[in-house]
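This is protein.txt (compact mmCIF, C-alpha atoms and all ligand atoms).
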```txt
# COMPACT_ATOMS: atom_id res chain seq x y z
CA MET M 336 -23.71 -6.49 -11.72
CA THR M 337 -25.71 -3.42 -10.71
CA ALA M 338 -23.88 -0.39 -9.37
CA GLY M 339 -20.73 -2.35 -9.96
CA PRO M 340 -17.48 -1.69 -11.81
CA ARG M 341 -18.16 -0.78 -15.44
CA ARG M 342 -18.39 -3.75 -17.85
CA ARG M 343 -17.37 -3.16 -21.45
CA PRO M 344 -17.49 -6.03 -23.93
CA GLY M 345 -14.07 -7.61 -24.38
CA ARG M 346 -12.45 -5.40 -21.70
CA PRO M 347 -11.37 -6.48 -18.22
CA VAL M 348 -13.92 -5.52 -15.54
CA GLY M 349 -12.62 -2.75 -13.31
CA GLU M 350 -10.37 0.29 -13.48
CA ILE M 351 -6.61 0.84 -13.33
CA THR M 352 -5.78 2.28 -9.92
CA ARG M 353 -2.64 3.13 -7.95
CA GLY M 354 -0.12 0.28 -8.10
CA THR M 355 1.51 0.67 -4.67
CA THR M 356 2.96 -2.58 -3.38
CA GLY M 357 6.06 -3.85 -1.60
CA HIS M 358 8.10 -6.83 -0.46
CA ASN M 359 6.47 -8.85 2.31
CA ARG M 360 3.61 -6.44 2.62
CA LEU M 361 1.07 -9.26 2.49
CA ARG M 362 3.03 -11.73 4.62
CA ARG M 363 0.40 -11.83 7.38
CA CYS M 364 -2.35 -12.70 4.96
CA ASP M 365 -0.19 -15.24 3.08
CA ARG M 366 0.64 -17.00 6.36
CA TRP M 367 -3.04 -17.09 7.37
CA THR M 368 -4.18 -18.30 3.93
CA ALA M 369 -1.58 -21.07 3.86
CA ALA M 370 -2.60 -22.27 7.34
CA VAL M 371 -6.38 -21.90 7.14
CA TYR M 372 -6.79 -23.21 3.59
CA ARG M 373 -4.18 -25.96 3.78
CA PRO M 374 -6.89 -28.68 3.61
CA LEU M 375 -8.51 -26.97 0.62
CA LEU M 376 -5.20 -26.71 -1.24
CA VAL M 377 -4.12 -30.23 -0.39
CA ALA M 378 -7.43 -31.79 -1.48
CA ALA M 379 -7.95 -29.78 -4.68
CA ASP M 380 -7.51 -31.31 -8.11
CA ARG M 381 -5.00 -29.10 -10.05
CA PRO M 382 -5.38 -26.15 -7.65
CA LEU M 383 -5.30 -22.72 -9.24
CA VAL M 384 -4.84 -19.58 -7.14
CA VAL M 385 -5.35 -16.04 -8.49
CA ASP M 386 -3.68 -12.96 -7.06
CA LEU M 387 -5.91 -10.19 -8.42
CA GLY M 388 -4.51 -6.66 -8.73
CA TYR M 389 -0.87 -7.35 -7.80
CA GLY M 390 0.18 -3.79 -8.60
CA ALA M 391 3.34 -2.20 -9.95
CA SER M 392 5.56 -5.20 -9.20
CA HIS M 393 5.31 -9.00 -9.25
CA VAL M 394 6.58 -9.32 -5.66
CA THR M 395 3.44 -10.11 -3.66
CA THR M 396 2.33 -12.68 -6.22
CA SER M 397 5.77 -14.32 -6.25
CA GLU M 398 5.76 -14.42 -2.43
CA LEU M 399 2.27 -15.96 -2.35
CA PHE M 400 3.44 -18.55 -4.90
CA ARG M 401 6.47 -19.47 -2.77
CA ARG M 402 4.44 -19.75 0.43
CA LEU M 403 1.62 -21.80 -1.09
CA ARG M 404 4.06 -24.13 -2.83
CA ARG M 405 5.27 -25.20 0.62
CA VAL M 406 1.72 -26.42 1.26
CA ARG M 407 0.96 -27.80 -2.18
CA PRO M 408 4.08 -28.21 -4.34
CA ASP M 409 2.16 -28.23 -7.64
CA VAL M 410 -0.19 -25.30 -6.96
CA GLU M 411 -0.43 -22.89 -9.90
CA VAL M 412 -0.62 -19.16 -9.23
CA VAL M 413 -1.74 -16.56 -11.76
CA GLY M 414 -1.20 -12.87 -11.07
CA LEU M 415 -3.93 -10.86 -12.78
CA GLU M 416 -3.63 -7.12 -13.28
CA ILE M 417 -5.83 -4.73 -15.22
CA ASP M 418 -2.91 -2.49 -16.23
CA PRO M 419 -1.13 -3.97 -19.29
CA ALA M 420 2.13 -2.16 -18.48
CA ARG M 421 2.22 -3.88 -15.06
CA VAL M 422 1.60 -7.26 -16.73
CA ALA M 423 4.52 -6.65 -19.10
CA ALA M 424 6.74 -5.68 -16.16
CA ALA M 425 5.86 -8.87 -14.25
CA ARG M 426 6.22 -11.36 -17.13
CA PRO M 427 10.03 -11.73 -16.85
CA HIS M 428 9.38 -13.16 -13.37
CA GLU M 429 7.26 -16.05 -14.61
CA ARG M 430 8.44 -19.56 -13.86
CA PRO M 431 6.81 -22.99 -13.97
CA GLY M 432 3.52 -22.69 -12.07
CA LEU M 433 3.63 -18.87 -11.83
CA THR M 434 2.25 -16.69 -14.63
CA PHE M 435 1.01 -13.14 -15.07
CA ALA M 436 -1.84 -12.00 -17.31
CA ARG M 437 -4.15 -9.10 -17.97
CA GLY M 438 -7.58 -9.35 -16.39
CA GLY M 439 -10.13 -7.90 -14.00
CA PHE M 440 -12.94 -9.07 -11.76
CA GLU M 441 -14.18 -11.42 -14.49
CA LEU M 442 -11.07 -13.59 -13.80
CA PRO M 443 -9.98 -14.72 -17.28
CA VAL M 444 -8.19 -17.94 -16.27
CA ASP M 445 -8.37 -21.41 -17.78
CA ARG M 446 -10.25 -23.03 -14.89
CA PRO M 447 -12.08 -21.86 -11.77
CA PRO M 448 -9.66 -20.86 -9.02
CA VAL M 449 -9.74 -22.48 -5.61
CA ILE M 450 -8.43 -19.28 -3.96
CA VAL M 451 -8.62 -15.67 -5.14
CA ARG M 452 -6.57 -13.18 -3.16
CA ALA M 453 -7.27 -9.48 -3.79
CA PHE M 454 -5.45 -7.06 -1.53
CA ASN M 455 -5.58 -3.27 -1.58
CA VAL M 456 -7.69 -3.42 -4.73
CA LEU M 457 -11.29 -2.76 -3.68
CA ARG M 458 -10.38 0.06 -1.32
CA GLN M 459 -10.06 2.25 -4.40
CA TYR M 460 -13.66 1.54 -5.50
CA GLY M 461 -17.00 2.71 -4.11
CA GLU M 462 -18.74 0.66 -1.41
CA SER M 463 -21.48 -0.74 -3.64
CA GLU M 464 -18.91 -1.46 -6.36
CA ALA M 465 -16.97 -3.50 -3.80
CA TRP M 466 -20.08 -5.56 -3.00
CA ALA M 467 -20.73 -6.09 -6.72
CA ALA M 468 -17.11 -7.16 -7.26
CA TRP M 469 -17.47 -9.67 -4.41
CA ASP M 470 -20.55 -11.11 -6.16
CA LEU M 471 -18.78 -11.43 -9.51
CA LEU M 472 -15.66 -12.99 -7.97
CA ARG M 473 -17.74 -15.48 -5.95
CA SER M 474 -19.48 -16.63 -9.12
CA ARG M 475 -16.10 -17.59 -10.63
CA LEU M 476 -14.83 -19.85 -7.82
CA ALA M 477 -14.16 -23.57 -8.04
CA PRO M 478 -16.49 -25.64 -5.82
CA GLY M 479 -15.45 -25.07 -2.21
CA GLY M 480 -13.27 -22.14 -3.30
CA VAL M 481 -12.67 -18.94 -1.38
CA ILE M 482 -11.83 -15.27 -1.85
CA VAL M 483 -9.52 -13.47 0.56
CA GLU M 484 -10.08 -9.74 0.14
CA GLY M 485 -8.49 -7.12 2.31
CA THR M 486 -6.46 -4.03 2.96
CA CYS M 487 -3.18 -3.33 4.74
CA SER M 488 -0.90 -0.51 5.77
CA GLU M 489 1.98 0.62 3.57
CA ILE M 490 4.42 -2.00 4.86
CA GLY M 491 1.84 -4.51 6.00
CA HIS M 492 2.08 -4.06 9.76
CA ARG M 493 -1.70 -3.66 10.01
CA ALA M 494 -4.16 -5.58 7.92
CA CYS M 495 -7.80 -6.66 7.78
CA TRP M 496 -9.34 -9.16 5.42
CA VAL M 497 -12.60 -10.93 4.70
CA ALA M 498 -12.87 -14.52 3.52
CA LEU M 499 -15.81 -15.34 1.26
CA ASP M 500 -17.09 -18.50 -0.34
CA ALA M 501 -19.82 -19.02 -2.93
CA ARG M 502 -22.50 -18.25 -0.31
CA GLY M 503 -21.05 -14.89 0.73
CA PRO M 504 -18.67 -13.44 3.32
CA ARG M 505 -17.78 -15.94 6.06
CA THR M 506 -15.08 -14.44 8.30
CA VAL M 507 -13.28 -11.20 9.11
CA THR M 508 -9.67 -11.17 10.35
CA LEU M 509 -7.74 -8.32 11.95
CA ALA M 510 -3.97 -8.68 12.14
CA ALA M 511 -1.24 -6.43 13.49
CA ARG M 512 2.44 -6.31 14.21
CA LEU M 513 2.33 -6.00 17.96
CA ALA M 514 5.64 -4.25 18.55
CA GLY M 515 4.77 -0.60 19.03
CA PHE M 516 1.06 -1.38 18.78
CA ASP M 517 -1.13 1.37 20.14
CA ARG M 518 -4.72 0.13 20.41
CA PRO M 519 -6.96 -2.27 18.46
CA SER M 520 -9.18 0.48 17.02
CA ALA M 521 -6.11 1.74 15.13
CA LEU M 522 -6.91 -1.13 12.75
CA ALA M 523 -10.12 0.65 11.71
CA GLU M 524 -8.32 2.54 8.97
CA ARG M 525 -7.43 -0.80 7.33
CA LEU M 526 -10.95 -2.24 7.28
CA PRO M 527 -12.06 -3.56 3.87
CA LYS M 528 -14.20 -1.23 1.76
CA THR M 529 -17.43 -2.99 2.74
CA LEU M 530 -16.77 -2.22 6.43
CA ILE M 531 -14.66 0.91 6.62
CA HIS M 532 -17.55 3.33 6.37
CA ARG M 533 -19.44 1.40 9.04
CA ASN M 534 -17.15 2.28 11.92
CA VAL M 535 -19.80 4.57 13.40
CA PRO M 536 -22.06 4.23 16.46
CA GLY M 537 -24.91 1.79 15.83
CA GLU M 538 -22.81 -0.52 13.62
CA ARG M 539 -21.43 -3.84 14.88
CA VAL M 540 -17.87 -3.18 13.74
CA HIS M 541 -17.83 0.03 15.78
CA ALA M 542 -19.07 -1.76 18.90
CA PHE M 543 -16.48 -4.49 18.37
CA LEU M 544 -13.55 -2.08 18.11
CA ARG M 545 -14.80 -0.17 21.16
CA ASP M 546 -14.96 -3.41 23.19
CA PHE M 547 -11.57 -4.53 21.87
CA ASP M 548 -10.00 -1.24 22.98
CA HIS M 549 -11.59 -1.74 26.40
CA ALA M 550 -10.23 -5.31 26.67
CA TRP M 551 -6.80 -4.00 25.59
CA GLN M 552 -6.90 -1.44 28.40
CA VAL M 553 -8.06 -3.98 30.99
CA CYS M 554 -5.21 -6.29 29.93
CA ALA M 555 -2.56 -3.55 30.16
CA PRO M 556 -0.78 -5.33 33.06
CA TYR M 557 0.07 -8.21 30.68
CA GLY M 558 2.10 -5.65 28.73
CA ALA M 559 4.83 -6.12 31.35
CA TYR M 560 5.45 -9.51 29.68
CA GLY M 561 5.20 -8.10 26.15
CA ALA M 562 2.60 -7.12 23.61
CA ARG M 563 1.82 -10.71 22.58
CA PRO M 564 0.57 -11.82 26.02
CA ARG M 565 -1.41 -8.60 26.23
CA TRP M 566 -3.06 -9.17 22.82
CA THR M 567 -3.77 -12.83 23.66
CA ALA M 568 -5.33 -11.90 27.00
CA ALA M 569 -7.40 -9.15 25.40
CA VAL M 570 -8.71 -11.52 22.73
CA GLU M 571 -9.56 -14.12 25.39
CA LEU M 572 -11.46 -11.49 27.34
CA LEU M 573 -13.24 -10.35 24.21
CA ALA M 574 -14.25 -13.94 23.49
CA GLY M 575 -16.54 -13.71 26.53
CA SER M 576 -18.84 -11.31 24.66
CA TRP M 577 -17.95 -11.71 20.95
CA PRO M 578 -17.92 -14.91 18.86
CA VAL M 579 -14.16 -14.80 18.37
CA ALA M 580 -12.81 -17.92 16.60
CA ALA M 581 -11.19 -19.83 19.45
CA VAL M 582 -10.09 -23.10 17.88
CA PRO M 583 -7.73 -23.88 14.97
CA PRO M 584 -7.42 -23.27 12.14
CA LEU M 585 -9.05 -19.84 12.56
CA GLY M 586 -8.38 -19.17 16.20
CA GLY M 587 -6.77 -20.28 19.43
CA ARG M 588 -3.66 -19.09 21.21
CA ARG M 589 -1.27 -20.01 18.41
CA ARG M 590 -3.01 -17.68 15.99
CA TRP M 591 -3.67 -14.99 18.59
CA ARG M 592 0.02 -14.89 19.46
CA LEU M 593 0.66 -13.83 15.85
CA GLY M 594 -1.42 -10.71 16.49
CA GLU M 595 -4.54 -12.02 14.77
CA VAL M 596 -8.17 -12.31 15.63
CA THR M 597 -10.91 -13.81 13.42
CA LEU M 598 -14.68 -13.57 13.80
CA PRO M 599 -17.65 -14.72 11.74
CA TRP M 600 -18.63 -12.07 9.22
CA SER M 601 -22.14 -11.97 10.71
CA ALA M 602 -20.67 -10.61 13.97
CA LEU M 603 -19.40 -7.44 12.24
CA ALA M 604 -21.66 -7.23 9.17
CA PRO M 605 -23.13 -3.83 8.24
CA ALA M 606 -26.59 -3.06 9.55
CA GLY M 607 -27.96 -2.04 6.13
CA PRO M 608 -27.10 -1.57 2.45
CA PRO M 609 -24.44 0.93 1.34
CA ALA M 610 -25.53 4.58 1.26
CA ARG M 611 -25.08 6.49 -2.00
CA ALA M 612 -22.77 8.99 -0.33
CA ARG M 613 -20.27 6.25 0.46
CA ASP M 614 -19.97 5.25 -3.17
CA ALA M 615 -17.44 7.97 -3.75
CA THR M 616 -14.02 6.32 -3.42
CA ALA M 617 -12.12 6.98 -0.22
C1 LIG Z 1 -2.63 -0.79 -4.55
S1 LIG Z 1 -2.25 -1.98 -5.79
C2 LIG Z 1 -2.19 -3.43 -4.79
C3 LIG Z 1 -1.02 -4.28 -5.07
C4 LIG Z 1 -0.92 -5.53 -4.24
N1 LIG Z 1 -2.10 -6.34 -4.29
C5 LIG Z 1 -0.61 -5.17 -2.80
O1 LIG Z 1 -1.49 -5.20 -1.96
O2 LIG Z 1 0.55 -4.83 -2.52
C6 LIG Z 1 -3.86 -2.19 -6.59
C7 LIG Z 1 -3.74 -2.77 -7.99
O3 LIG Z 1 -5.00 -3.34 -8.36
C8 LIG Z 1 -5.18 -3.12 -9.73
N2 LIG Z 1 -6.62 -3.27 -10.03
C9 LIG Z 1 -7.61 -2.42 -9.70
N3 LIG Z 1 -8.78 -2.92 -10.11
C10 LIG Z 1 -8.52 -4.10 -10.70
C11 LIG Z 1 -9.33 -5.09 -11.31
N4 LIG Z 1 -10.65 -4.94 -11.40
N5 LIG Z 1 -8.74 -6.18 -11.80
C12 LIG Z 1 -7.38 -6.34 -11.73
N6 LIG Z 1 -6.55 -5.43 -11.18
C13 LIG Z 1 -7.13 -4.33 -10.64
C14 LIG Z 1 -4.65 -1.73 -9.96
O4 LIG Z 1 -4.37 -1.47 -11.31
C15 LIG Z 1 -3.42 -1.73 -9.05
O5 LIG Z 1 -2.27 -2.11 -9.77
```
Would you kindly transcribe this structure into structure tokens?
Amino acid sequence: MTAGPRRRPGRPVGEITRGTTGHNRLRRCDRWTAAVYRPLLVAADRPLVVDLGYGASHVTTSELFRRLRRVRPDVEVVGLEIDPARVAAARPHERPGLTFARGGFELPVDRPPVIVRAFNVLRQYGESEAWAAWDLLRSRLAPGGVIVEGTCSEIGHRACWVALDARGPRTVTLAARLAGFDRPSALAERLPKTLIHRNVPGERVHAFLRDFDHAWQVCAPYGAYGARPRWTAAVELLAGSWPVAAVPPLGGRRRWRLGEVTLPWSALAPAGPPARARDATA
């Protein structure tokens, strides 16, 4: 990897960073992953899922395990963490099918994972390091496997994530708790590292959030019926000018009513390579 996280022989790839986590913080992403990748999980031979960088507590990995087991009762989940003290703290929570181990972006597991979830991990790296980590993670996937990489607010009410397969990033999803929701561009602060610095005029993600705010304003009258109808109407309006996923499993009213919207990555992708200045962590 060039300009990527430092690689030292025999050491996990990456750096120990803040371990902030919390119960149900990643519920929106778990729900989406279980629905969208149900066919992948159901069809896989001995499916292995990695939760990379689970933080100071086992909770988000244990929750992911519970939710994915409803889809595929024999799925195995491994929580990987670069901080050995956090691995030791999680180990008492192991149970059949759920284990915790030390590791980094190199993914030291016994077989290629079908899903890798990494949440609130890459935000603490530089932009080009995040791209390099994506490349390394993609190279470790089982055939047909996916990475779900994203960022969320402290208690998970706002989240954005990118899904990638071996070819590269495929989709971007924005998700919000709609009660008390202000405006779609408030999600900008939760964009993944590879997009957050691109919320400036001339970039697609900036134009998208501007148009989403406009649709949200136009659909204000739907707010009389609640925030869900307003969000759904705004997404439908947006779908007239943006390639919003409109059919299941990625889109359609059922998903929109949850406060989600998914687009192809190409619709929001950065216009050019990362600038050096953005490689400082933010
Ligand atoms: C903010 S916590 C996120 C916890 C959890 N994923 C969540 O969203 O609630 C980030 C964790 O990622 C870990 N981490 C950072 N880089 C890593 C890497 N390359 N491999 C594994 N863990 C990593 C950090 O040590 C930290 O515990």
Which of M:Arg518, M:Arg446, M:His358, M:Arg346 sits closest to Glu489 of chain M [using only C-alpha atoms]
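With only C-alpha atoms as the atom set, the closest residue is M:His358.
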Residues of chain M that have any atom at most 6 Å from an atom of ligand LIG 1 (chain Z): could you tabulate them with the shortest-distance atom pair and the distance in Å to one decimal, using all atoms listed in the file, ordered by chain and increasing number, as JSON lines?
```
{"residue": "M:Val348", "atom": "CA", "partner": "Z:LIG1", "partner_atom": "N4", "distance": 5.3}
{"residue": "M:Gly349", "atom": "CA", "partner": "Z:LIG1", "partner_atom": "N4", "distance": 3.5}
{"residue": "M:Glu350", "atom": "CA", "partner": "Z:LIG1", "partner_atom": "N3", "distance": 4.9}
{"residue": "M:Ile351", "atom": "CA", "partner": "Z:LIG1", "partner_atom": "O4", "distance": 3.8}
{"residue": "M:Thr352", "atom": "CA", "partner": "Z:LIG1", "partner_atom": "C14", "distance": 4.2}
{"residue": "M:Arg353", "atom": "CA", "partner": "Z:LIG1", "partner_atom": "C15", "distance": 5.0}
{"residue": "M:Gly354", "atom": "CA", "partner": "Z:LIG1", "partner_atom": "O5", "distance": 3.6}
{"residue": "M:Thr355", "atom": "CA", "partner": "Z:LIG1", "partner_atom": "C1", "distance": 4.4}
{"residue": "M:Thr356", "atom": "CA", "partner": "Z:LIG1", "partner_atom": "O2", "distance": 3.4}
{"residue": "M:Gly357", "atom": "CA", "partner": "Z:LIG1", "partner_atom": "O2", "distance": 5.7}
{"residue": "M:Leu387", "atom": "CA", "partner": "Z:LIG1", "partner_atom": "C12", "distance": 5.3}
{"residue": "M:Gly388", "atom": "CA", "partner": "Z:LIG1", "partner_atom": "O3", "distance": 3.4}
{"residue": "M:Tyr389", "atom": "CA", "partner": "Z:LIG1", "partner_atom": "N1", "distance": 3.9}
{"residue": "M:Gly390", "atom": "CA", "partner": "Z:LIG1", "partner_atom": "O5", "distance": 3.2}
{"residue": "M:Ala391", "atom": "CA", "partner": "Z:LIG1", "partner_atom": "O5", "distance": 5.6}
{"residue": "M:Leu415", "atom": "CA", "partner": "Z:LIG1", "partner_atom": "C12", "distance": 5.8}
{"residue": "M:Glu416", "atom": "CA", "partner": "Z:LIG1", "partner_atom": "N6", "distance": 4.0}
{"residue": "M:Ile417", "atom": "CA", "partner": "Z:LIG1", "partner_atom": "C12", "distance": 4.1}
{"residue": "M:Asp418", "atom": "CA", "partner": "Z:LIG1", "partner_atom": "O4", "distance": 5.2}
{"residue": "M:Gly438", "atom": "CA", "partner": "Z:LIG1", "partner_atom": "C12", "distance": 5.6}
{"residue": "M:Gly439", "atom": "CA", "partner": "Z:LIG1", "partner_atom": "N5", "distance": 3.1}
{"residue": "M:Phe440", "atom": "CA", "partner": "Z:LIG1", "partner_atom": "N4", "distance": 4.7}
{"residue": "M:Phe454", "atom": "CA", "partner": "Z:LIG1", "partner_atom": "O1", "distance": 4.4}
{"residue": "M:Asn455", "atom": "CA", "partner": "Z:LIG1", "partner_atom": "O1", "distance": 4.5}
{"residue": "M:Val456", "atom": "CA", "partner": "Z:LIG1", "partner_atom": "C6", "distance": 4.4}
```
Take the residues just selected and output them with C-alpha atoms as a compact mmCIF listing (two decimals), in the coordinates of the input.
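The resulting file, out.txt, is reproduced below:
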```txt
# COMPACT_ATOMS: atom_id res chain seq x y z
CA VAL M 348 -13.92 -5.52 -15.54
CA GLY M 349 -12.62 -2.75 -13.31
CA GLU M 350 -10.37 0.29 -13.48
CA ILE M 351 -6.61 0.84 -13.33
CA THR M 352 -5.78 2.28 -9.92
CA ARG M 353 -2.64 3.13 -7.95
CA GLY M 354 -0.12 0.28 -8.10
CA THR M 355 1.51 0.67 -4.67
CA THR M 356 2.96 -2.58 -3.38
CA GLY M 357 6.06 -3.85 -1.60
CA LEU M 387 -5.91 -10.19 -8.42
CA GLY M 388 -4.51 -6.66 -8.73
CA TYR M 389 -0.87 -7.35 -7.80
CA GLY M 390 0.18 -3.79 -8.60
CA ALA M 391 3.34 -2.20 -9.95
CA LEU M 415 -3.93 -10.86 -12.78
CA GLU M 416 -3.63 -7.12 -13.28
CA ILE M 417 -5.83 -4.73 -15.22
CA ASP M 418 -2.91 -2.49 -16.23
CA GLY M 438 -7.58 -9.35 -16.39
CA GLY M 439 -10.13 -7.90 -14.00
CA PHE M 440 -12.94 -9.07 -11.76
CA PHE M 454 -5.45 -7.06 -1.53
CA ASN M 455 -5.58 -3.27 -1.58
CA VAL M 456 -7.69 -3.42 -4.73
```
Report as JSON lines the residues of segment 431-464 of chain M within 12 Å of segment 494-510 of chain M, each with its shortest atom pair and distance in Å (one decimal), using only C-alpha atoms, ordered by chain and increasing residue number.
```
{"residue": "M:Pro448", "atom": "CA", "partner": "M:Asp500", "partner_atom": "CA", "distance": 11.7}
{"residue": "M:Val449", "atom": "CA", "partner": "M:Asp500", "partner_atom": "CA", "distance": 9.9}
{"residue": "M:Ile450", "atom": "CA", "partner": "M:Asp500", "partner_atom": "CA", "distance": 9.4}
{"residue": "M:Val451", "atom": "CA", "partner": "M:Leu499", "partner_atom": "CA", "distance": 9.6}
{"residue": "M:Arg452", "atom": "CA", "partner": "M:Ala498", "partner_atom": "CA", "distance": 9.3}
{"residue": "M:Ala453", "atom": "CA", "partner": "M:Trp496", "partner_atom": "CA", "distance": 9.4}
{"residue": "M:Phe454", "atom": "CA", "partner": "M:Trp496", "partner_atom": "CA", "distance": 8.2}
{"residue": "M:Asn455", "atom": "CA", "partner": "M:Ala494", "partner_atom": "CA", "distance": 9.9}
{"residue": "M:Val456", "atom": "CA", "partner": "M:Trp496", "partner_atom": "CA", "distance": 11.8}
{"residue": "M:Leu457", "atom": "CA", "partner": "M:Trp496", "partner_atom": "CA", "distance": 11.3}
{"residue": "M:Arg458", "atom": "CA", "partner": "M:Trp496", "partner_atom": "CA", "distance": 11.5}
```
Which of M:Val410, M:Ala514, M:Val385, M:Val570 sits closest to Pro431 of chain M [using only C-alpha atoms]
M:Val410
Out of M:Arg373, M:Arg366, M:Arg545, M:Arg381, which residue has the shortest atom-to-atom distance to Ala477 of chain M when counting only C-alpha atoms?
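Among the listed residues, M:Arg381 lies closest to Ala477 of chain M.
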Go ahead and compute the interatomic distance for atom CA of Pro419 of chain M and atom CA of His393 of chain M, in Å to one decimal.
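It comes out at 12.9 Å.
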Length of the atom CA of Val412 of chain M to atom CA of Ser474 of chain M vector [Å]
19.0 Å
From the list M:Asp470, M:Phe543, M:Glu538, M:Asp548, which residue is nearest Ala521 of chain M when using all atoms listed in the file?
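Once distances to Ala521 of chain M are computed over all atoms listed in the file, the minimum belongs to M:Asp548.
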Which residues of segment 410-515 of chain M have any atom within 8 Å of an atom in segment 575-594 of chain M when counting all atoms listed in the file, and what is the closest pair of atoms for each, with the distance in Å to one decimal? Order the rows by chain and rising number and write it as JSON lines.
```
{"residue": "M:Ala510", "atom": "CA", "partner": "M:Gly594", "partner_atom": "CA", "distance": 5.4}
{"residue": "M:Ala511", "atom": "CA", "partner": "M:Gly594", "partner_atom": "CA", "distance": 5.2}
{"residue": "M:Arg512", "atom": "CA", "partner": "M:Gly594", "partner_atom": "CA", "distance": 6.3}
{"residue": "M:Leu513", "atom": "CA", "partner": "M:Gly594", "partner_atom": "CA", "distance": 6.2}
```
Polymer residues at most 12 Å from Arg405 of chain M, all atoms listed in the file, same-chain spacing of 4 or more positions, as a VMD selection string
chain M and resid 365 to 366 369 to 370 373 376 to 377 398 to 401 409 to 410
Go ahead and save the residues from that selection, with C-alpha atoms, as an mmCIF file, keeping the file's coordinate frame.
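Written file, part.cif:
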```cif
data_model
loop_
_atom_site.group_PDB
_atom_site.id
_atom_site.type_symbol
_atom_site.label_atom_id
_atom_site.label_comp_id
_atom_site.auth_asym_id
_atom_site.auth_seq_id
_atom_site.Cartn_x
_atom_site.Cartn_y
_atom_site.Cartn_z
ATOM 1 C CA ASP M 365 -0.190 -15.240 3.080
ATOM 2 C CA ARG M 366 0.640 -17.000 6.360
ATOM 3 C CA ALA M 369 -1.580 -21.070 3.860
ATOM 4 C CA ALA M 370 -2.600 -22.270 7.340
ATOM 5 C CA ARG M 373 -4.180 -25.960 3.780
ATOM 6 C CA LEU M 376 -5.200 -26.710 -1.240
ATOM 7 C CA VAL M 377 -4.120 -30.230 -0.390
ATOM 8 C CA GLU M 398 5.760 -14.420 -2.430
ATOM 9 C CA LEU M 399 2.270 -15.960 -2.350
ATOM 10 C CA PHE M 400 3.440 -18.550 -4.900
ATOM 11 C CA ARG M 401 6.470 -19.470 -2.770
ATOM 12 C CA ASP M 409 2.160 -28.230 -7.640
ATOM 13 C CA VAL M 410 -0.190 -25.300 -6.960
#
```
Computed gap from atom CA of His428 of chain M to atom CA of Ser488 of chain M is 25.1 Å
Have a look at M:Lys528, M:Arg402, M:Arg407, M:Arg430 and name the one nearest to Glu464 of chain M; count all atoms listed in the file.
M:Lys528
Restricting the calculation to all atoms listed in the file, which member of M:Pro347, M:Gly485, M:Pro374, M:Pro609 is positioned closest to Glu524 of chain M?
M:Gly485
